[in-house]
Protein chains: 2
Amino acid sequence: MGRPARVQMREVANRAGVSISSVSRVLNDHPDVSPLMRERVLSAKELMGYEPDLLARSLRQGITGTVGFLVRDITNPVFAEIVKGAAEGLRPAGYSILLADSEGRDEVEAAHLQLFLRRRVDGLIVSLQSEVDPDTVAALHSADCPLVLVDREVAGLETSAVLCDHAPAVAAATRDIIECGHRRVAFIAGPTTIRVTRERLRGFRQAHEETGAVLDPELVRLGSYTAEFGRRETGRLLQLPDPPTAIVAAGTQVALGLLRQLAAMGRRVGSDVSVVSYDELDLMPMMDPPINVVECDYRGLGRLAASLLVEAVVHGQPPRTVVIPTHYRPRGSVLPLPR
Amino acid sequence: MGRPARVQMREVANRAGVSISSVSRVLNDHPDVSPLMRERVLSAKELMGYEPDLLARSLRQGITGTVGFLVRDITNPVFAEIVKGAAEGLRPAGYSILLADSEGRDEVEAAHLQLFLRRRVDGLIVSLQSEVDPDTVAALHSADCPLVLVDREVAGLETSAVLCDHAPAVAAATRDIIECGHRRVAFIAGPTTIRVTRERLRGFRQAHEETGAVLDPELVRLGSYTAEFGRRETGRLLQLPDPPTAIVAAGTQVALGLLRQLAAMGRRVGSDVSVVSYDELDLMPMMDPPINVVECDYRGLGRLAASLLVEAVVHGQPPRTVVIPTHYRPRGSVLPLPR
DNA sequence: CTGTTAGCGCGTTCAG
DNA sequence: CTGAACGCGCTAACAG
């Protein structure tokens, strides 16, 4: 079957015996069109299977109907959920999503943002892997469209943001551990160059202060949100002369690495070492014992980001920051220390 | 800080004291440009921070540098992996990804495809939720760009495809179960309107034929690839007068639902009912007992889809179909039946 | 209410 | 090797 040659507006106009602009008016629901005209144009359109070229329309109107979405790693279920939520929010508003994955590299992240801007996206939803990379920050500053940061903050950038309230939830988790009698609690997370880490760490510290427990700096391991980092640091922590009896793993991948390392060392969650993981992996509740988690509604977070963006793009609303609650869900992986 | 007004090509031309077309030639690496001209233009460009508008370029050149990517559900780790792989393959080639999620609705799927075409994507990578929806099929037929189907096939459509070799892997899994002494093996999967289901079912049947085992049609449950379907059918199967002693759950979400239902019923994997799941969820190997799975390299599949698309778009290569191997990984969730 | 005209920002013919 | 003019397909401003 031959390529169904792309039919253009002028052909429809000729076929209907009217001018091009009349076709345009009908298709854009301009008020000043006679019923007869509307009829003629629409039937010609249907007959020829005409669909307006959005590229040309975008160039003319200066709006593309696209939103750039940047995530650190689309295979991380947290980001997949956020994207899903945003997609649910953006589709009814008529926006398409340009998706970019940072691939763990700052230069890729910056390049994607620059590319988005050159494609003239109407808005950006961004969950950076680095809040401090110069090129990335420069790109964000040069953005001439609304921007929503997801669980991130960039110094000196006035923008909308949707944030998770990590600190209280991590504090609750840590308090639970300490109240079970643990005195050496470790913390594994990513770099402090992103807000999530700083907030989580803040909650972890706060719980120690409130309970009067001593926080050994050696037990805090900050590096990257990867399974490999989680695995490695778990191994190192447990080989310490005075090892921790409980570990808080901040981040899905870090938690995964932790569990792998425990399995490799033949240690059991709960009995050998108590564990609090971050983010609800679907299988966490079905493990034995079920893993305690800190989590929030990431899909809702994505929907929220979408609605903030839409209200900024469409209604010109000023930047706004929304914080959503985050929860600690004890399930059994934290056990009392034998006295 | 004020909007950094978008700088255009003509301004760069004025600044450099040359014509617009000279600027264009320099930026597009046209051979016939003097070193002096190149120098003048490039320095003016840097000075003013000019970046070409890709929208206008696309309209002029007829190519957008975008690829439409449609998936059934981006929160499904399988699709997230495929998207990641494709992103890795498409970025170096200079393509951006327009991502669409079908949201479980045929009309959404068709609408997304139509939208992609109107945005004049250079290519499509598509993993349909329905291979038979009329609007969807019509949209694919009307596509005037290269198309790569991912683990799908659409009747009458000459196109590239990347496929998983499901049947042998499911057959191996099923044989393993039967050889362990199980005589009533159930199968839960999605609709037969997509290739994966048909292939998986074929493998399941084949194992029965080869071993001479009897396949009770009542034990085959085909519906949808959702956790809810997996949960419900697991419950119904186990309440049968003569329930299965083993279940093959095809699909990540179905398997998840199955595990939830077993947990809810207080049944243990292995001892109460043997299980083979589909697709490697990261935690499957760490459950007790570790779940047997059928899986393949989905990220590689995505990369493959990207390379097929690129070779079609850039080099005009004809449609090609590639099948990648799929594996059965026994781990301990299938146990012998007591004689 | 409708047709004509002028661009949106670029790339690409053509002369020179 | 460079500049001027045209057009990608469409919408918006203006006449009629």
# chains A, B, ... in the order shown; residues from 1 in each chain; ligands from 1
call {"tool": "residues_around", "arguments": {"residues": "DC10 in chain C", "least_positions_apart": "4", "cutoff": "12 Å", "atoms": "only C-alpha atoms (C1' of nucleotides)", "output": "PyMOL selection string"}}
result
(chain A and resi 59) or (chain B and resi 8-10+20-21+23-25+27-28+51-62) or (chain D and resi 7-8)
call {"tool": "residues_around", "arguments": {"residues": "range 327-332 of chain B", "least_positions_apart": "2", "cutoff": "7 Å", "atoms": "only C-alpha atoms (C1' of nucleotides)", "output": "PDB file with N, CA and C atoms, in the first residue's frame"}}
result
ATOM      1  N   ALA B 169      10.475 -20.732  26.245  1.00  0.00           N
ATOM      2  CA  ALA B 169      10.764 -20.485  27.656  1.00  0.00           C
ATOM      3  C   ALA B 169       9.600 -20.915  28.542  1.00  0.00           C
ATOM      4  N   ALA B 172       9.502 -24.622  28.644  1.00  0.00           N
ATOM      5  CA  ALA B 172      10.502 -25.179  29.559  1.00  0.00           C
ATOM      6  C   ALA B 172      10.017 -25.097  30.998  1.00  0.00           C
ATOM      7  N   ALA B 173       9.449 -23.950  31.341  1.00  0.00           N
ATOM      8  CA  ALA B 173       8.947 -23.766  32.703  1.00  0.00           C
ATOM      9  C   ALA B 173       7.848 -24.782  32.998  1.00  0.00           C
ATOM     10  N   PRO B 289      10.479 -19.058  49.152  1.00  0.00           N
ATOM     11  CA  PRO B 289      11.636 -19.363  48.301  1.00  0.00           C
ATOM     12  C   PRO B 289      11.730 -18.386  47.142  1.00  0.00           C
ATOM     13  N   PRO B 290      12.914 -18.254  46.552  1.00  0.00           N
ATOM     14  CA  PRO B 290      13.058 -17.373  45.386  1.00  0.00           C
ATOM     15  C   PRO B 290      12.120 -17.833  44.268  1.00  0.00           C
ATOM     16  N   ILE B 291      11.479 -16.892  43.631  1.00  0.00           N
ATOM     17  CA  ILE B 291      10.475 -17.238  42.624  1.00  0.00           C
ATOM     18  C   ILE B 291      11.129 -17.608  41.293  1.00  0.00           C
ATOM     19  N   ASN B 292      10.679 -18.703  40.714  1.00  0.00           N
ATOM     20  CA  ASN B 292      11.109 -19.052  39.357  1.00  0.00           C
ATOM     21  C   ASN B 292      10.533 -18.044  38.373  1.00  0.00           C
ATOM     22  N   VAL B 293      11.339 -17.642  37.420  1.00  0.00           N
ATOM     23  CA  VAL B 293      10.822 -16.668  36.459  1.00  0.00           C
ATOM     24  C   VAL B 293      11.169 -17.033  35.022  1.00  0.00           C
ATOM     25  N   VAL B 294      10.360 -16.470  34.130  1.00  0.00           N
ATOM     26  CA  VAL B 294      10.675 -16.462  32.709  1.00  0.00           C
ATOM     27  C   VAL B 294      10.934 -15.009  32.359  1.00  0.00           C
ATOM     28  N   GLU B 295      12.048 -14.739  31.702  1.00  0.00           N
ATOM     29  CA  GLU B 295      12.386 -13.336  31.455  1.00  0.00           C
ATOM     30  C   GLU B 295      13.290 -13.207  30.250  1.00  0.00           C
ATOM     31  N   CYS B 296      13.477 -11.952  29.819  1.00  0.00           N
ATOM     32  CA  CYS B 296      14.515 -11.700  28.836  1.00  0.00           C
ATOM     33  C   CYS B 296      15.091 -10.314  29.049  1.00  0.00           C
ATOM     34  N   PRO B 325      16.243 -14.091  22.522  1.00  0.00           N
ATOM     35  CA  PRO B 325      15.983 -15.267  23.364  1.00  0.00           C
ATOM     36  C   PRO B 325      15.335 -14.894  24.691  1.00  0.00           C
ATOM     37  N   VAL B 334       9.297 -24.002  42.507  1.00  0.00           N
ATOM     38  CA  VAL B 334       8.586 -25.192  42.022  1.00  0.00           C
ATOM     39  C   VAL B 334       9.147 -26.400  42.766  1.00  0.00           C
ATOM     40  N   LEU B 335       8.283 -27.072  43.525  1.00  0.00           N
ATOM     41  CA  LEU B 335       8.734 -28.214  44.315  1.00  0.00           C
ATOM     42  C   LEU B 335       8.006 -29.476  43.870  1.00  0.00           C
TER      43      LEU B 335
END
call {"tool": "residues_around", "arguments": {"residues": "DC6 in chain D", "least_positions_apart": "4", "cutoff": "12 Å", "atoms": "only C-alpha atoms (C1' of nucleotides)", "output": "PyMOL selection string"}}
result
(chain B and resi 60) or (chain C and resi 11-14)
call {"tool": "write_last_selection", "arguments": {"atoms": "C-alpha atoms (C1' of nucleotides)", "output": "PDB file, in the first residue's frame"}}
result
ATOM      1  CA  ARG B  60      11.564  23.591   6.803  1.00  0.00           C
TER       2      ARG B  60
ATOM      3  C1'  DG C  11      17.003  26.148   5.140  1.00  0.00           C
ATOM      4  C1'  DT C  12      17.665  26.309   0.439  1.00  0.00           C
ATOM      5  C1'  DT C  13      17.472  27.306  -4.063  1.00  0.00           C
ATOM      6  C1'  DC C  14      19.419  30.665  -7.233  1.00  0.00           C
TER       7       DC C  14
END
call {"tool": "interface_residues", "arguments": {"of": "chain A", "to": "chain B", "cutoff": "6 Å", "atoms": "only C-alpha atoms", "output": "PyMOL selection string"}}
result
chain A and resi 3+53-55+75+80-81+97-99+118-119+144+287
call {"tool": "residues_around", "arguments": {"residues": "DA6 in chain C", "least_positions_apart": "4", "cutoff": "12 Å", "atoms": "only C-alpha atoms (C1' of nucleotides)", "output": "ChimeraX atom specification"}}
result
/A:60 /D:11-14
call {"tool": "closest_residue", "arguments": {"among": "B:Met265, B:Met48, B:Ala186, B:Val314", "to": "Ser277 in chain B", "atoms": "only C-alpha atoms"}}
result
B:Ala186
call {"tool": "interface_residues", "arguments": {"of": "chain C", "to": "chain A", "cutoff": "8 Å", "atoms": "only C-alpha atoms (C1' of nucleotides)", "output": "tab-separated table (two decimals) with N, CA and C atoms (P, O5', C5', C4', C3', O3' and C1' of nucleotides), in the first residue's frame"}}
result
chain	number	residue	atom	x	y	z
C	1	DC	P	-22.64	35.02	11.32
C	1	DC	O5'	-21.78	35.06	10.05
C	1	DC	C5'	-21.38	34.02	9.22
C	1	DC	C4'	-20.72	34.68	8.04
C	1	DC	C3'	-19.48	33.95	7.55
C	1	DC	O3'	-19.81	33.30	6.34
C	1	DC	C1'	-19.23	36.33	7.52
C	2	DT	P	-18.98	32.05	5.84
C	2	DT	O5'	-17.79	32.72	5.02
C	2	DT	C5'	-18.03	33.14	3.69
C	2	DT	C4'	-16.91	34.04	3.24
C	2	DT	C3'	-15.58	33.33	2.98
C	2	DT	O3'	-15.45	33.15	1.58
C	2	DT	C1'	-15.34	35.50	3.99
C	3	DG	P	-14.33	32.16	1.01
C	3	DG	O5'	-13.19	33.20	0.55
C	3	DG	C5'	-13.50	34.14	-0.46
C	3	DG	C4'	-12.44	35.23	-0.49
C	3	DG	C3'	-11.03	34.74	-0.85
C	3	DG	O3'	-10.51	35.53	-1.92
C	3	DG	C1'	-11.00	36.06	1.15
C	8	DC	P	8.09	37.31	11.37
C	8	DC	O5'	7.81	35.99	12.22
C	8	DC	C5'	6.80	35.91	13.21
C	8	DC	C4'	6.70	34.45	13.66
C	8	DC	C3'	8.02	33.70	13.65
C	8	DC	O3'	8.49	33.58	14.99
C	8	DC	C1'	6.28	32.43	12.53
C	9	DG	P	9.86	34.28	15.42
C	9	DG	O5'	10.97	33.32	14.82
C	9	DG	C5'	11.18	32.02	15.36
C	9	DG	C4'	11.98	31.23	14.36
C	9	DG	C3'	13.34	31.80	14.04
C	9	DG	O3'	14.30	30.85	14.44
C	9	DG	C1'	12.18	31.13	12.08
call {"tool": "atom_distance", "arguments": {"atom1": "CA of Ala305 in chain A", "atom2": "CA of Leu70 in chain A"}}
result
12.4 Å
call {"tool": "decode", "arguments": {"residues": "range 284-298 of chain A", "atoms": "N, CA and C atoms", "output": "short mmCIF file (atom, residue, chain, number, x, y, z; two decimals), in the first residue's frame"}}
result
data_model
loop_
_atom_site.label_atom_id
_atom_site.label_comp_id
_atom_site.auth_asym_id
_atom_site.auth_seq_id
_atom_site.Cartn_x
_atom_site.Cartn_y
_atom_site.Cartn_z
N MET A 284 7.95 -5.46 48.72
CA MET A 284 8.42 -5.26 50.09
C MET A 284 7.47 -5.85 51.15
N PRO A 285 6.17 -5.62 50.99
CA PRO A 285 5.26 -6.13 52.02
C PRO A 285 5.16 -7.65 52.04
N MET A 286 5.65 -8.31 50.96
CA MET A 286 5.50 -9.75 50.90
C MET A 286 6.75 -10.49 51.27
N MET A 287 7.78 -9.74 51.63
CA MET A 287 9.00 -10.42 52.03
C MET A 287 8.85 -10.88 53.47
N ASP A 288 9.81 -11.68 53.91
CA ASP A 288 9.70 -12.25 55.23
C ASP A 288 10.94 -11.90 56.04
N PRO A 289 10.89 -11.01 57.02
CA PRO A 289 9.68 -10.27 57.42
C PRO A 289 9.41 -9.15 56.43
N PRO A 290 8.17 -8.65 56.38
CA PRO A 290 7.86 -7.53 55.50
C PRO A 290 8.74 -6.34 55.86
N ILE A 291 9.25 -5.66 54.86
CA ILE A 291 10.19 -4.57 55.09
C ILE A 291 9.45 -3.28 55.49
N ASN A 292 9.94 -2.65 56.54
CA ASN A 292 9.42 -1.32 56.91
C ASN A 292 9.82 -0.32 55.84
N VAL A 293 8.91 0.55 55.48
CA VAL A 293 9.26 1.53 54.45
C VAL A 293 8.83 2.94 54.82
N VAL A 294 9.51 3.87 54.19
CA VAL A 294 9.08 5.26 54.18
C VAL A 294 8.68 5.57 52.74
N GLU A 295 7.51 6.12 52.55
CA GLU A 295 7.04 6.31 51.18
C GLU A 295 6.03 7.43 51.09
N CYS A 296 5.72 7.82 49.86
CA CYS A 296 4.58 8.71 49.67
C CYS A 296 3.92 8.42 48.34
N ASP A 297 2.89 9.17 48.03
CA ASP A 297 2.09 8.92 46.83
C ASP A 297 2.76 9.57 45.62
N TYR A 298 3.65 8.82 44.98
CA TYR A 298 4.42 9.39 43.89
C TYR A 298 3.57 9.69 42.66
#
